[in-house]
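Some notes on the structure that comes next.
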Amino acid sequence: MSDNQITALYQDRTGTLWVGNWFAGLDWVDLDSGGFERYSELAGVLPGVSNGKVRAISGAGDNKLWLGSSEGLTRLDVTKRTVEVWHRDERDPGSLPGDTVIALATDRKGRLWVGTSTGLARRDPLTGRYTRVRLDADSNALSVQRLLVDKAGVIWAGTRTGLHRVDPDTDAVTTYRADLDNPDSVDGRVYALMEDRQGILWIGTENGLNRFDRATGKFRHYRHDPNKLDSLSHKRVPFIFEDKKGVLWVGTAAGLCKALPQADGDLRFRYYPGQNGGAVDPIGAILDDEQGRLWISTTAGISMFNPETGFFKQYTAKDGLIDGSYFIGSAYKGQDGTLYFGGLAGMTAFKPAAVHDNTRPPQIAITDFFIFNESVVSDTPRPDVLPKGSLNGAGTLTLSHRDVMFSIEFAALHFADPQRNRYAYQLEGFDPQWVATDAGKRFATYTNLDPGRYVFRVRAANKDGVWSLAPAELTLIITPPIWKMWWFRLLMVGVAVGAAYLLFRIRIRMLMRQKQALEEEVGSRTRELVLQKESIERQKLEAELQKESVELAHRNISLLSDIGRRITANLDSEAIMTMLYQQVHALMDASVFGIGIYRPEQELIEYPFAMENGKRYAPYTRSMREPNQLAVWCINHAEEVFINDLEQEYGRYIASLALVSGVDNMGTLEDGSLPTEPRSLIYVPISVNGQVRGVITVHSYRAHAYHRIDLDMLTTLASYVAVAFANADSYRQLQDTQQQLVEREKLAALGSLVAGVAHELNTPIGNSLVIASTLEDKTTDIELRQNGNVLRRSDLAQFIEAAREASTLLMRSLRNAAELVNSFKQVAVDQASAKRRHFNLHQASQEIVTTMKNQIRKAGHQVDLEMPDDIEMDSFPGPYGQVVINLINNALLHAFEGRSGGVIRLWAVRLGPERVRIVFQDDGAGIAIEHQARIFDPFFTTKLGQGGNGLGLSITYNIVTSLLDGSIRVDSVVGVGTRFTIDLPLKASLAGD
């Protein structure tokens, strides 16, 4: 605590204890989580150790520990909370070799081996005297970094010069020195030593992981390779650990790696990037618990890692750990399962089973609402948006369509560790899924939303990942402009429909008159021929009837196959139905033909297409709630309806004909005429994957008009229609998805433009503000002198000179700002439309690059524009700007990944009097040869889920080759860079917008 004089205590609902003291303010502690115990050297704080910097830990038996620190050797009794301390005595050769103890190990005889910064020694357990062991003549060998007692009792010591083998009985030393010129030697300063269950000795050094072959004395190296994802994550290996399953874990300066043995005996490594995929800290030591979880000390605290799930749980000083970092290799697991980790401020001890989290969920609150970055609560009140009262009590806010940008601020009321609280929010009606964020960004911003009703919801989690029980909600209503009101649109649609209907009726009346006159003339002439023909054909028909039946069956099989291919190849529903009608009409008596679409959610059958004798029915519906309908029976039973005499056979399917043959229930033809009652009917269900999607029906005015072969043909065609409808639905969904992705790409380009405008205008406007404030101060001073009658001529002259200079600077800055505004205005106008106009290529390119400079500069790169000033074009500057912005965004996302200092060049040259060549190139990573042929394909990207959607270069290609009437190609070499070459005509062939 910051002070011992306590004046107030309070524990809130989240388990946080607040302590108010007299002099130092307010302290707090989370009582609902913890399980960690601290050992420090602070006076009055128990339990304590002699020195805070605990560099090494080893067991001393009987619930005692050996602690190596920066000020000697300590023996800690964890039960009695007592310590014994040994220091170096310059006058006593049997004392410690040095006070900075770095490594500790106990051999089979109970002797403690002590590695210090000035040498190695072993301690006699009976006399307490230390015997020094000389490892090497090199002074760097005095600093012992790590000690290991292997299964045979041999002592292994790692120093700055390499690896040393010490015989515990004779003190004979064998040195394996690091030699950069010898590929079989240990490869640098030794940080870690570990012997696995197979007796293999593993060494962690400053340059990687080493496997030691004791028979040959050679070392095999495993190093970090930035070009291989399955290599070590960093070259420095400070700790190595083998778990109970025999899995080898390697702690590096960039996080945790798991060794994966291969069939050929080699090792590959899987990297675990840490909690939430963020930055990782160098690992100090690794221990496991009884559940198989790994506890890892780092420079930032202690993490719990579950190998089964890959989940990391981070603990810090606010959870009860010591403050500051933990030392490399300073860890020990007691016989009772207690884990000890040493660090800069003492030692942390805990039993993993006793560690618990804060399980109390936070309360989430919406704290503020901003419109154009101004708060409606505190900055600029908006009674039309938020009436008097609190934001939480409002429930619903109403925004105008002019409020195109707004932000919502929120907070979690959980103070155990506010900086580790996490949030997830979603705007229903806009966000497809929850958006995760942390305490560094407690707000959500939305721009250019369509009019409508939206619901904003936000949840919060405490430092231990416990989420709030219910989200906070805020309903937003964005009112539309008058031209988007439903009644206005309905009025316009009514006017258009009325005009179209009037023209249609006039045309139909004219056609009907012409048709009636023609029918009367043709009828009188053909009646005589028909009578003669009927008598002759009646005799012929009886003789050929049997032959035709056989031939018809073969012909129908071939015809049905051909019809099926044509139907399923079509992706337009209207075209499918029209084609089906034509084919069915040719195959059988289809005086009446119809296709019904089953809408189960509405309990309706929609008839978008129905024909009678070449006349089309107006679209109509039938309710599924009326069972006395043949179409309803067909869908409910998923079976065909086959009737050759309606009056005699309807009872097999329905109880009444009121809804089948009644004039009022048979629909209406588009020309207004009434339909004719049928005598023969067939209904066939349209099924997809066992689900009925609709029905196909044919009617005839004749009794016994249909045969079983007609039913079979119609059933076969229904199967083809089901497949065709499914294909058409899938194609329509694909088109909708592609259009949405294109719109998102346009919004991303507009965001880049806004960021560039804000950054570029900041400097001239800021300069103008400073000059104006200085001039205001000088004016106030001269006014005071005038009022006090102490104004001198020299004062007035100085004021005039200063005013003249300020006016000059002010005009220069404002002129620069005006030029930038005009430039940005033109770019914005061009990108908001696709209008054709005359423009200077250099000027248009400069304006576009200016809007993107801030984004390029933030990424650590630069852009150079090299174009002649005399190239004039009659084309489309907006789409041209979209092309340049897409190429810049593509370079920032793909070309310069993982590096800074990249250079982008945009230059142009004339190709004769009518064409120009524009070249965009970078010195980035380049494009692999197997990808170059596909980069202009829609949705092709190598960064899916990492910022790329595969549409940028596809849109660029379409704009260049269609609207700009040009061509584009790519040339790239991996590791050298990429060049896009665009050839355009100075005058585009397309006209207008």
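Ordering of the structure tokens sets the chain letters (A, B, ...); residue numbers start at 1 within each chain; ligands are numbered from 1 in the order shown.
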Near region 379-382 of chain A, within 9 Å and counting only C-alpha atoms, which residues show up once chain neighbours fewer than 5 positions away are dropped, as a ChimeraX atom specification?
-> /A:370,374,387
Mind checking which residues fall within 10 Å of region 172-180 of chain A, counting only C-alpha atoms, ignoring those fewer than 3 positions away in the same chain, and posting them as a VMD selection string?
-> chain A and resid 133 to 136 141 155 to 169 183 to 190 217 to 219
Can I get the selection written as a PDB file, in the first residue's frame, with N, CA and C atoms?
```pdb
ATOM      1  N   VAL A 133      36.190 -24.924  -8.680  1.00  0.00           N
ATOM      2  CA  VAL A 133      36.544 -25.800  -9.799  1.00  0.00           C
ATOM      3  C   VAL A 133      36.845 -24.907 -10.998  1.00  0.00           C
ATOM      4  N   ARG A 134      38.070 -24.996 -11.506  1.00  0.00           N
ATOM      5  CA  ARG A 134      38.469 -24.170 -12.642  1.00  0.00           C
ATOM      6  C   ARG A 134      38.003 -24.862 -13.934  1.00  0.00           C
ATOM      7  N   LEU A 135      37.235 -24.143 -14.752  1.00  0.00           N
ATOM      8  CA  LEU A 135      36.672 -24.720 -15.970  1.00  0.00           C
ATOM      9  C   LEU A 135      37.560 -24.516 -17.189  1.00  0.00           C
ATOM     10  N   ASP A 136      38.144 -23.308 -17.335  1.00  0.00           N
ATOM     11  CA  ASP A 136      38.899 -22.990 -18.542  1.00  0.00           C
ATOM     12  C   ASP A 136      39.793 -21.798 -18.221  1.00  0.00           C
ATOM     13  N   ALA A 141      34.987 -17.991 -19.242  1.00  0.00           N
ATOM     14  CA  ALA A 141      34.479 -19.229 -18.654  1.00  0.00           C
ATOM     15  C   ALA A 141      34.171 -19.078 -17.175  1.00  0.00           C
ATOM     16  N   ILE A 155      28.335 -33.490 -13.860  1.00  0.00           N
ATOM     17  CA  ILE A 155      27.977 -32.075 -13.790  1.00  0.00           C
ATOM     18  C   ILE A 155      28.257 -31.442 -15.146  1.00  0.00           C
ATOM     19  N   TRP A 156      27.272 -30.716 -15.681  1.00  0.00           N
ATOM     20  CA  TRP A 156      27.425 -29.963 -16.930  1.00  0.00           C
ATOM     21  C   TRP A 156      27.253 -28.487 -16.620  1.00  0.00           C
ATOM     22  N   ALA A 157      28.189 -27.678 -17.091  1.00  0.00           N
ATOM     23  CA  ALA A 157      28.171 -26.236 -16.844  1.00  0.00           C
ATOM     24  C   ALA A 157      28.192 -25.490 -18.177  1.00  0.00           C
ATOM     25  N   GLY A 158      27.289 -24.531 -18.321  1.00  0.00           N
ATOM     26  CA  GLY A 158      27.260 -23.692 -19.515  1.00  0.00           C
ATOM     27  C   GLY A 158      27.790 -22.310 -19.188  1.00  0.00           C
ATOM     28  N   THR A 159      28.774 -21.847 -19.981  1.00  0.00           N
ATOM     29  CA  THR A 159      29.374 -20.531 -19.765  1.00  0.00           C
ATOM     30  C   THR A 159      29.316 -19.733 -21.049  1.00  0.00           C
ATOM     31  N   ARG A 160      29.942 -18.563 -21.014  1.00  0.00           N
ATOM     32  CA  ARG A 160      29.982 -17.713 -22.209  1.00  0.00           C
ATOM     33  C   ARG A 160      30.883 -18.296 -23.291  1.00  0.00           C
ATOM     34  N   THR A 161      31.781 -19.226 -22.914  1.00  0.00           N
ATOM     35  CA  THR A 161      32.701 -19.789 -23.915  1.00  0.00           C
ATOM     36  C   THR A 161      32.180 -21.093 -24.502  1.00  0.00           C
ATOM     37  N   GLY A 162      31.204 -21.744 -23.862  1.00  0.00           N
ATOM     38  CA  GLY A 162      30.699 -23.004 -24.389  1.00  0.00           C
ATOM     39  C   GLY A 162      30.179 -23.910 -23.296  1.00  0.00           C
ATOM     40  N   LEU A 163      30.399 -25.259 -23.482  1.00  0.00           N
ATOM     41  CA  LEU A 163      29.879 -26.271 -22.583  1.00  0.00           C
ATOM     42  C   LEU A 163      31.047 -27.000 -21.908  1.00  0.00           C
ATOM     43  N   HIS A 164      30.892 -27.294 -20.594  1.00  0.00           N
ATOM     44  CA  HIS A 164      31.951 -27.949 -19.823  1.00  0.00           C
ATOM     45  C   HIS A 164      31.365 -29.160 -19.100  1.00  0.00           C
ATOM     46  N   ARG A 165      32.103 -30.296 -19.174  1.00  0.00           N
ATOM     47  CA  ARG A 165      31.721 -31.518 -18.463  1.00  0.00           C
ATOM     48  C   ARG A 165      32.640 -31.669 -17.271  1.00  0.00           C
ATOM     49  N   VAL A 166      32.045 -31.814 -16.065  1.00  0.00           N
ATOM     50  CA  VAL A 166      32.836 -31.893 -14.837  1.00  0.00           C
ATOM     51  C   VAL A 166      32.571 -33.247 -14.182  1.00  0.00           C
ATOM     52  N   ASP A 167      33.658 -34.008 -13.924  1.00  0.00           N
ATOM     53  CA  ASP A 167      33.540 -35.263 -13.183  1.00  0.00           C
ATOM     54  C   ASP A 167      33.360 -34.919 -11.708  1.00  0.00           C
ATOM     55  N   PRO A 168      32.246 -35.305 -11.066  1.00  0.00           N
ATOM     56  CA  PRO A 168      31.996 -34.880  -9.679  1.00  0.00           C
ATOM     57  C   PRO A 168      32.961 -35.495  -8.669  1.00  0.00           C
ATOM     58  N   ASP A 169      33.654 -36.591  -9.053  1.00  0.00           N
ATOM     59  CA  ASP A 169      34.577 -37.237  -8.104  1.00  0.00           C
ATOM     60  C   ASP A 169      35.999 -36.701  -8.227  1.00  0.00           C
ATOM     61  N   PRO A 183      31.474 -26.302 -37.785  1.00  0.00           N
ATOM     62  CA  PRO A 183      30.021 -26.533 -37.782  1.00  0.00           C
ATOM     63  C   PRO A 183      29.582 -27.601 -36.793  1.00  0.00           C
ATOM     64  N   ASP A 184      30.519 -28.386 -36.246  1.00  0.00           N
ATOM     65  CA  ASP A 184      30.158 -29.446 -35.308  1.00  0.00           C
ATOM     66  C   ASP A 184      30.292 -29.026 -33.859  1.00  0.00           C
ATOM     67  N   SER A 185      30.664 -27.740 -33.592  1.00  0.00           N
ATOM     68  CA  SER A 185      30.850 -27.285 -32.218  1.00  0.00           C
ATOM     69  C   SER A 185      29.583 -26.644 -31.694  1.00  0.00           C
ATOM     70  N   VAL A 186      29.528 -26.441 -30.370  1.00  0.00           N
ATOM     71  CA  VAL A 186      28.412 -25.707 -29.790  1.00  0.00           C
ATOM     72  C   VAL A 186      28.465 -24.278 -30.343  1.00  0.00           C
ATOM     73  N   ASP A 187      27.284 -23.711 -30.642  1.00  0.00           N
ATOM     74  CA  ASP A 187      27.294 -22.485 -31.449  1.00  0.00           C
ATOM     75  C   ASP A 187      27.094 -21.208 -30.655  1.00  0.00           C
ATOM     76  N   GLY A 188      27.756 -21.070 -29.485  1.00  0.00           N
ATOM     77  CA  GLY A 188      27.730 -19.785 -28.804  1.00  0.00           C
ATOM     78  C   GLY A 188      27.544 -19.920 -27.307  1.00  0.00           C
ATOM     79  N   ARG A 189      27.275 -18.794 -26.698  1.00  0.00           N
ATOM     80  CA  ARG A 189      27.068 -18.698 -25.252  1.00  0.00           C
ATOM     81  C   ARG A 189      25.897 -19.582 -24.819  1.00  0.00           C
ATOM     82  N   VAL A 190      26.083 -20.352 -23.758  1.00  0.00           N
ATOM     83  CA  VAL A 190      25.088 -21.313 -23.303  1.00  0.00           C
ATOM     84  C   VAL A 190      24.139 -20.646 -22.315  1.00  0.00           C
ATOM     85  N   GLY A 217      31.014 -36.332 -29.708  1.00  0.00           N
ATOM     86  CA  GLY A 217      31.385 -34.985 -29.265  1.00  0.00           C
ATOM     87  C   GLY A 217      30.933 -33.909 -30.229  1.00  0.00           C
ATOM     88  N   LYS A 218      29.958 -34.232 -31.110  1.00  0.00           N
ATOM     89  CA  LYS A 218      29.484 -33.266 -32.089  1.00  0.00           C
ATOM     90  C   LYS A 218      28.100 -32.741 -31.705  1.00  0.00           C
ATOM     91  N   PHE A 219      27.853 -31.532 -32.182  1.00  0.00           N
ATOM     92  CA  PHE A 219      26.597 -30.857 -31.886  1.00  0.00           C
ATOM     93  C   PHE A 219      25.800 -30.677 -33.175  1.00  0.00           C
TER      94      PHE A 219
END
```
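Take the candidates A:Gly208, A:Pro877, A:Pro226, A:Pro985 and check each one against Ala253 (chain A) using only C-alpha atoms; the shortest distance goes to A:Gly208.
Going from CA of Ile6 (chain A) over to CA of Ala345 (chain A), you cover 25.5 Å.
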One decimal place gives the CA of Arg81 (chain A)-CA of Leu67 (chain A) separation as 13.6 Å
Contacts of Asp923 (chain A) within 7 Å, only C-alpha atoms, excl. fewer than 6 positions in-chain, as a VMD selection string = chain A and resid 902 to 903 976 to 978
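Between CA of Lys351 (chain A) and CA of Gly34 (chain A) the separation is 10.8 Å.
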Write down as a PyMOL selection string the residues of region 143-336 of chain A whose backbone DSSP state falls under strand (DSSP E).
-> chain A and resi 144-149+155-159+162-166+173-177+190-195+201-205+208-213+218-222+239-242+248-252+255-261+267-272+283-288+294-298+302-306+311-315+326-333
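Closest approach to Arg123 (chain A) among A:Ala24, A:Ile686, A:Val692, A:Leu73: A:Leu73, based on only C-alpha atoms.
Residues surrounding Val884 (chain A) within 10 Å are A:Ser845, A:Ile848, A:Val849, A:Met852, A:Pro879, A:Tyr880, A:Gly881, A:Gln882, A:Asn886, A:Leu887, A:Ile888, A:Asn889, A:Asn890, A:Leu906, A:Phe920, A:Thr956 [only C-alpha atoms; sequence separation below 2 positions excluded].
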Just the selected residues (N, CA and C atoms), exported as a tab-separated table (two decimals), in the first residue's frame, please.
```
chain	number	residue	atom	x	y	z
A	845	SER	N	-2.77	12.96	-61.14
A	845	SER	CA	-1.98	11.96	-60.39
A	845	SER	C	-1.46	12.56	-59.10
A	848	ILE	N	-4.20	12.68	-56.48
A	848	ILE	CA	-4.51	11.35	-55.93
A	848	ILE	C	-3.42	10.89	-54.96
A	849	VAL	N	-2.13	11.09	-55.36
A	849	VAL	CA	-1.02	10.68	-54.50
A	849	VAL	C	-1.03	11.48	-53.20
A	852	MET	N	-3.10	10.02	-50.51
A	852	MET	CA	-2.62	8.74	-49.97
A	852	MET	C	-1.29	8.87	-49.23
A	879	PRO	N	-12.40	7.06	-62.29
A	879	PRO	CA	-11.93	5.67	-62.38
A	879	PRO	C	-10.42	5.56	-62.45
A	880	TYR	N	-9.75	6.51	-63.11
A	880	TYR	CA	-8.27	6.47	-63.13
A	880	TYR	C	-7.72	6.59	-61.70
A	881	GLY	N	-8.31	7.49	-60.89
A	881	GLY	CA	-7.87	7.61	-59.49
A	881	GLY	C	-8.12	6.34	-58.70
A	882	GLN	N	-9.27	5.67	-58.99
A	882	GLN	CA	-9.54	4.40	-58.29
A	882	GLN	C	-8.47	3.36	-58.61
A	886	ASN	N	-6.09	1.71	-55.77
A	886	ASN	CA	-6.08	0.25	-55.61
A	886	ASN	C	-4.66	-0.30	-55.70
A	887	LEU	N	-3.84	0.23	-56.62
A	887	LEU	CA	-2.46	-0.25	-56.76
A	887	LEU	C	-1.63	0.11	-55.53
A	888	ILE	N	-1.84	1.34	-54.98
A	888	ILE	CA	-1.10	1.73	-53.76
A	888	ILE	C	-1.50	0.84	-52.59
A	889	ASN	N	-2.83	0.62	-52.40
A	889	ASN	CA	-3.28	-0.24	-51.30
A	889	ASN	C	-2.75	-1.66	-51.46
A	890	ASN	N	-2.70	-2.15	-52.68
A	890	ASN	CA	-2.17	-3.50	-52.94
A	890	ASN	C	-0.70	-3.59	-52.55
A	906	LEU	N	5.62	6.22	-59.55
A	906	LEU	CA	4.55	6.36	-60.54
A	906	LEU	C	5.04	7.31	-61.61
A	920	PHE	N	3.43	1.87	-62.71
A	920	PHE	CA	3.41	1.86	-61.24
A	920	PHE	C	4.32	0.71	-60.79
A	956	THR	N	-9.48	-3.05	-60.72
A	956	THR	CA	-8.51	-2.28	-61.50
A	956	THR	C	-8.48	-2.77	-62.94
```
Just the residues within 8 Å of Leu344 (chain A), please, counting only C-alpha atoms, with nothing from its chain fewer than 5 positions along; format it as JSON, numbers by chain.
-> {"A": [52, 53, 54, 323, 324, 325, 326, 327]}
Residue contacts of region 402-412 of chain A (6 Å, only C-alpha atoms) excluding same-chain residues fewer than 6 positions away, as an MDAnalysis selection string | chainID A and resid 362:372 442:448 460
Got a sec: who's within 8 Å of Thr676 (chain A), counting only C-alpha atoms, leaving out chain neighbours fewer than 2 positions off, as a ChimeraX atom specification?
-> /A:674,678,701
File of the preceding selection, N, CA, C and O atoms, as a PDB file, in the first residue's frame:
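Below is the file that was written, result_34.pdb:
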```pdb
ATOM      1  N   LEU A 674     -62.033 -14.633 -69.185  1.00  0.00           N
ATOM      2  CA  LEU A 674     -62.202 -15.639 -68.152  1.00  0.00           C
ATOM      3  C   LEU A 674     -61.653 -16.978 -68.630  1.00  0.00           C
ATOM      4  O   LEU A 674     -61.739 -17.318 -69.820  1.00  0.00           O
ATOM      5  N   PRO A 678     -61.446 -27.012 -66.854  1.00  0.00           N
ATOM      6  CA  PRO A 678     -60.771 -28.176 -67.434  1.00  0.00           C
ATOM      7  C   PRO A 678     -61.571 -29.456 -67.188  1.00  0.00           C
ATOM      8  O   PRO A 678     -62.424 -29.532 -66.313  1.00  0.00           O
ATOM      9  N   TYR A 701     -59.184 -29.328 -71.932  1.00  0.00           N
ATOM     10  CA  TYR A 701     -60.628 -29.171 -71.943  1.00  0.00           C
ATOM     11  C   TYR A 701     -61.326 -30.495 -72.274  1.00  0.00           C
ATOM     12  O   TYR A 701     -62.546 -30.615 -72.147  1.00  0.00           O
TER      13      TYR A 701
END
```
Would you return as a list in words the members of region 250-448 of chain A that DSSP assigns to helix (DSSP H, G or I) on this structure's backbone?
-> Gln275, Asn276, Gly277, Ala317, Lys318, Asp319, Pro352, Ala353, Ala354, Leu391, Asn392, Gly393, Ala394, Pro418, Gln419 and Arg420 of chain A
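Shortest atom-to-atom contact with Lys835 (chain A) among A:Lys80, A:Ala988, A:Tyr332, A:Asp777: A:Ala988, counting only C-alpha atoms.
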